[in-house]
Amino acid sequence: MRLSEMLTAIREYPALKIKYEAMREQQASQERTAVQLSIAYNNLQIGNRKLSQKNKALETALVKLVPRLNSRDHCRRLYKTVAPYLDPGGFVLYRSAAELTRFHISTEFATEDNMGKFEEMDGYGMLRYLTADRFGSVEYEIVAPCYEEAVSLHTDYTSPEYLAFEKKLYEKTLRKLGFGKLLPEERAPQKDMNKRKEKVEER
């Protein structure tokens, strides 16, 4: 090594040493972080296993202790009990109803959809439109040439058709929420509930 190279190395040594120490500290910090993440992951795995075991125990207890949900009232009562935790916006309930009736809110209520009426609406609000359309009546008001808006929704909650639908609705929703073991075994699809009601127009 020439003298000039030695002098350059001596001058650069302090800066290189600082850089080297910084790199070592960064590597040590990354290793500590990796160890912490590994511990956190293991704790999460243990927590998930315990939670899974607890859920299994609760499910087994429910199946053993709770009578079969074979009535509309029982199904509705269980749904309303668990809904605040498992379906707070009612969207699972609404999607189940839409599947049962082949209802498309944007098609059946195109004017309201174009007005953005359903964008902030929860599942329970949209369910009112569905049940009125399929099991009741809707009163309309003309808002522009060739356009009418629903101004009043009526559902006959006592009709045999609605009561049969409601039982299937809560059963289907509870199955989606994980309570299928408490329900009777599913039967083959029966009557199509896609019965379109006559619209009551208010001119």
# chains A, B, ... in the order shown; residues from 1 in each chain; ligands from 1

call {"tool": "select_by_dssp", "arguments": {"residues": "region 54-192 of chain A", "states": "alpha helix (DSSP H)", "output": "ChimeraX atom specification"}}
result
/A:54-65,72-86,91-101,105-108,110-114,123-135,160-176

call {"tool": "residues_around", "arguments": {"residues": "Asp87 (chain A)", "least_positions_apart": "4", "cutoff": "12 Å", "atoms": "only C-alpha atoms", "output": "number ranges by chain"}}
result
A: 79-83, 91-96, 122-124, 173-174, 176-178

call {"tool": "write_last_selection", "arguments": {"atoms": "N, CA and C atoms", "output": "PDB file, in the first residue's frame"}}
result
ATOM      1  N   TYR A  79     -81.940 -14.391  16.069  1.00  0.00           N
ATOM      2  CA  TYR A  79     -81.294 -13.411  15.176  1.00  0.00           C
ATOM      3  C   TYR A  79     -81.187 -12.062  15.859  1.00  0.00           C
ATOM      4  N   LYS A  80     -82.263 -11.594  16.469  1.00  0.00           N
ATOM      5  CA  LYS A  80     -82.250 -10.274  17.099  1.00  0.00           C
ATOM      6  C   LYS A  80     -81.275 -10.228  18.281  1.00  0.00           C
ATOM      7  N   THR A  81     -81.024 -11.375  18.900  1.00  0.00           N
ATOM      8  CA  THR A  81     -80.068 -11.437  20.008  1.00  0.00           C
ATOM      9  C   THR A  81     -78.634 -11.299  19.517  1.00  0.00           C
ATOM     10  N   VAL A  82     -78.325 -11.974  18.407  1.00  0.00           N
ATOM     11  CA  VAL A  82     -76.934 -11.974  17.928  1.00  0.00           C
ATOM     12  C   VAL A  82     -76.646 -10.874  16.909  1.00  0.00           C
ATOM     13  N   ALA A  83     -77.686 -10.286  16.321  1.00  0.00           N
ATOM     14  CA  ALA A  83     -77.491  -9.291  15.257  1.00  0.00           C
ATOM     15  C   ALA A  83     -76.607  -8.112  15.652  1.00  0.00           C
ATOM     16  N   PHE A  91     -77.096  -6.293   6.883  1.00  0.00           N
ATOM     17  CA  PHE A  91     -76.814  -6.594   5.475  1.00  0.00           C
ATOM     18  C   PHE A  91     -76.877  -8.096   5.185  1.00  0.00           C
ATOM     19  N   VAL A  92     -76.513  -8.932   6.166  1.00  0.00           N
ATOM     20  CA  VAL A  92     -76.635 -10.381   5.962  1.00  0.00           C
ATOM     21  C   VAL A  92     -78.109 -10.748   5.831  1.00  0.00           C
ATOM     22  N   LEU A  93     -78.939 -10.149   6.677  1.00  0.00           N
ATOM     23  CA  LEU A  93     -80.384 -10.396   6.618  1.00  0.00           C
ATOM     24  C   LEU A  93     -80.945  -9.956   5.270  1.00  0.00           C
ATOM     25  N   TYR A  94     -80.563  -8.762   4.823  1.00  0.00           N
ATOM     26  CA  TYR A  94     -81.076  -8.252   3.540  1.00  0.00           C
ATOM     27  C   TYR A  94     -80.621  -9.125   2.372  1.00  0.00           C
ATOM     28  N   ARG A  95     -79.330  -9.511   2.356  1.00  0.00           N
ATOM     29  CA  ARG A  95     -78.835 -10.331   1.249  1.00  0.00           C
ATOM     30  C   ARG A  95     -79.551 -11.684   1.210  1.00  0.00           C
ATOM     31  N   SER A  96     -79.852 -12.231   2.390  1.00  0.00           N
ATOM     32  CA  SER A  96     -80.600 -13.492   2.438  1.00  0.00           C
ATOM     33  C   SER A  96     -81.988 -13.306   1.833  1.00  0.00           C
ATOM     34  N   ASP A 122     -78.817   1.215   5.468  1.00  0.00           N
ATOM     35  CA  ASP A 122     -78.387  -0.096   5.972  1.00  0.00           C
ATOM     36  C   ASP A 122     -79.307  -1.191   5.430  1.00  0.00           C
ATOM     37  N   GLY A 123     -78.986  -2.429   5.784  1.00  0.00           N
ATOM     38  CA  GLY A 123     -79.748  -3.562   5.275  1.00  0.00           C
ATOM     39  C   GLY A 123     -81.196  -3.558   5.711  1.00  0.00           C
ATOM     40  N   TYR A 124     -81.453  -3.060   6.923  1.00  0.00           N
ATOM     41  CA  TYR A 124     -82.831  -3.035   7.423  1.00  0.00           C
ATOM     42  C   TYR A 124     -83.694  -2.066   6.606  1.00  0.00           C
ATOM     43  N   THR A 173     -80.517 -16.761   7.229  1.00  0.00           N
ATOM     44  CA  THR A 173     -79.573 -15.799   7.810  1.00  0.00           C
ATOM     45  C   THR A 173     -78.794 -16.426   8.959  1.00  0.00           C
ATOM     46  N   LEU A 174     -79.483 -17.172   9.816  1.00  0.00           N
ATOM     47  CA  LEU A 174     -78.801 -17.826  10.942  1.00  0.00           C
ATOM     48  C   LEU A 174     -77.785 -18.856  10.450  1.00  0.00           C
ATOM     49  N   LYS A 176     -76.077 -18.571   7.705  1.00  0.00           N
ATOM     50  CA  LYS A 176     -74.934 -17.765   7.249  1.00  0.00           C
ATOM     51  C   LYS A 176     -74.104 -17.254   8.426  1.00  0.00           C
ATOM     52  N   LEU A 177     -74.751 -17.020   9.548  1.00  0.00           N
ATOM     53  CA  LEU A 177     -74.049 -16.505  10.725  1.00  0.00           C
ATOM     54  C   LEU A 177     -73.419 -17.624  11.560  1.00  0.00           C
ATOM     55  N   GLY A 178     -73.576 -18.874  11.115  1.00  0.00           N
ATOM     56  CA  GLY A 178     -72.897 -19.982  11.789  1.00  0.00           C
ATOM     57  C   GLY A 178     -73.730 -20.767  12.777  1.00  0.00           C
TER      58      GLY A 178
END

call {"tool": "atom_distance", "arguments": {"atom1": "CA of Glu108 (chain A)", "atom2": "CA of Leu130 (chain A)"}}
result
8.9 Å

call {"tool": "select_by_dssp", "arguments": {"residues": "region 27-148 of chain A", "states": "strand (DSSP E)", "output": "number ranges by chain"}}
result
A: 136-144, 147-148

call {"tool": "residues_around", "arguments": {"residues": "region 73-78 of chain A", "least_positions_apart": "3", "cutoff": "10 Å", "atoms": "only C-alpha atoms", "output": "list in words"}}
result
Pro67, Arg68, Leu69, Asn70, Thr81, Val82, Ala83, Glu166, Lys167, Lys168, Leu169, Tyr170, Glu171, Lys172, Thr173, Leu174, Phe179, Leu182 and Leu183 of chain A

call {"tool": "write_last_selection", "arguments": {"atoms": "N, CA and C atoms", "output": "compact mmCIF listing (two decimals), in the first residue's frame"}}
result
# COMPACT_ATOMS: atom_id res chain seq x y z
N PRO A 67 -83.01 -25.96 22.55
CA PRO A 67 -83.89 -26.78 21.70
C PRO A 67 -83.75 -26.36 20.24
N ARG A 68 -84.10 -27.25 19.34
CA ARG A 68 -84.03 -26.94 17.92
C ARG A 68 -84.86 -25.71 17.59
N LEU A 69 -84.32 -24.87 16.72
CA LEU A 69 -85.03 -23.66 16.31
C LEU A 69 -85.99 -24.03 15.19
N ASN A 70 -87.17 -24.52 15.56
CA ASN A 70 -88.09 -25.00 14.54
C ASN A 70 -89.31 -24.09 14.36
N THR A 81 -81.02 -11.38 18.90
CA THR A 81 -80.07 -11.44 20.01
C THR A 81 -78.63 -11.30 19.52
N VAL A 82 -78.33 -11.97 18.41
CA VAL A 82 -76.93 -11.97 17.93
C VAL A 82 -76.65 -10.87 16.91
N ALA A 83 -77.69 -10.29 16.32
CA ALA A 83 -77.49 -9.29 15.26
C ALA A 83 -76.61 -8.11 15.65
N GLU A 166 -90.69 -15.15 6.06
CA GLU A 166 -89.92 -14.70 7.23
C GLU A 166 -89.23 -15.87 7.91
N LYS A 167 -89.91 -17.00 8.02
CA LYS A 167 -89.29 -18.18 8.64
C LYS A 167 -88.07 -18.61 7.84
N LYS A 168 -88.22 -18.69 6.52
CA LYS A 168 -87.09 -19.07 5.66
C LYS A 168 -85.98 -18.02 5.73
N LEU A 169 -86.37 -16.77 5.84
CA LEU A 169 -85.38 -15.68 5.89
C LEU A 169 -84.49 -15.80 7.12
N TYR A 170 -85.11 -15.96 8.29
CA TYR A 170 -84.30 -16.05 9.51
C TYR A 170 -83.49 -17.34 9.57
N GLU A 171 -84.05 -18.42 9.05
CA GLU A 171 -83.28 -19.67 9.00
C GLU A 171 -82.05 -19.50 8.12
N LYS A 172 -82.25 -18.94 6.94
CA LYS A 172 -81.13 -18.75 6.00
C LYS A 172 -80.07 -17.84 6.59
N THR A 173 -80.52 -16.76 7.23
CA THR A 173 -79.57 -15.80 7.81
C THR A 173 -78.79 -16.43 8.96
N LEU A 174 -79.48 -17.17 9.82
CA LEU A 174 -78.80 -17.83 10.94
C LEU A 174 -77.78 -18.86 10.45
N PHE A 179 -75.07 -20.64 12.71
CA PHE A 179 -75.93 -21.34 13.67
C PHE A 179 -76.70 -22.49 13.02
N LEU A 182 -78.13 -25.56 14.95
CA LEU A 182 -79.31 -25.40 15.81
C LEU A 182 -80.62 -25.49 15.02
N LEU A 183 -80.49 -25.58 13.69
CA LEU A 183 -81.67 -25.56 12.83
C LEU A 183 -81.94 -26.94 12.25

call {"tool": "closest_residue", "arguments": {"among": "A:Glu112, A:Thr60, A:Glu149, A:Phe165", "to": "Glu99 (chain A)", "atoms": "only C-alpha atoms"}}
result
A:Phe165

call {"tool": "closest_residue", "arguments": {"among": "A:Glu25, A:Lys117, A:Asp156, A:Glu148", "to": "Gly136 (chain A)", "atoms": "only C-alpha atoms"}}
result
A:Asp156

call {"tool": "atom_distance", "arguments": {"atom1": "CA of Pro84 (chain A)", "atom2": "CA of Tyr157 (chain A)"}}
result
23.0 Å

call {"tool": "closest_residue", "arguments": {"among": "A:Ala15, A:Ala164, A:Ala34, A:Ala110", "to": "Phe135 (chain A)", "atoms": "only C-alpha atoms"}}
result
A:Ala164

call {"tool": "atom_distance", "arguments": {"atom1": "CA of Pro184 (chain A)", "atom2": "CA of Ser71 (chain A)"}}
result
10.1 Å
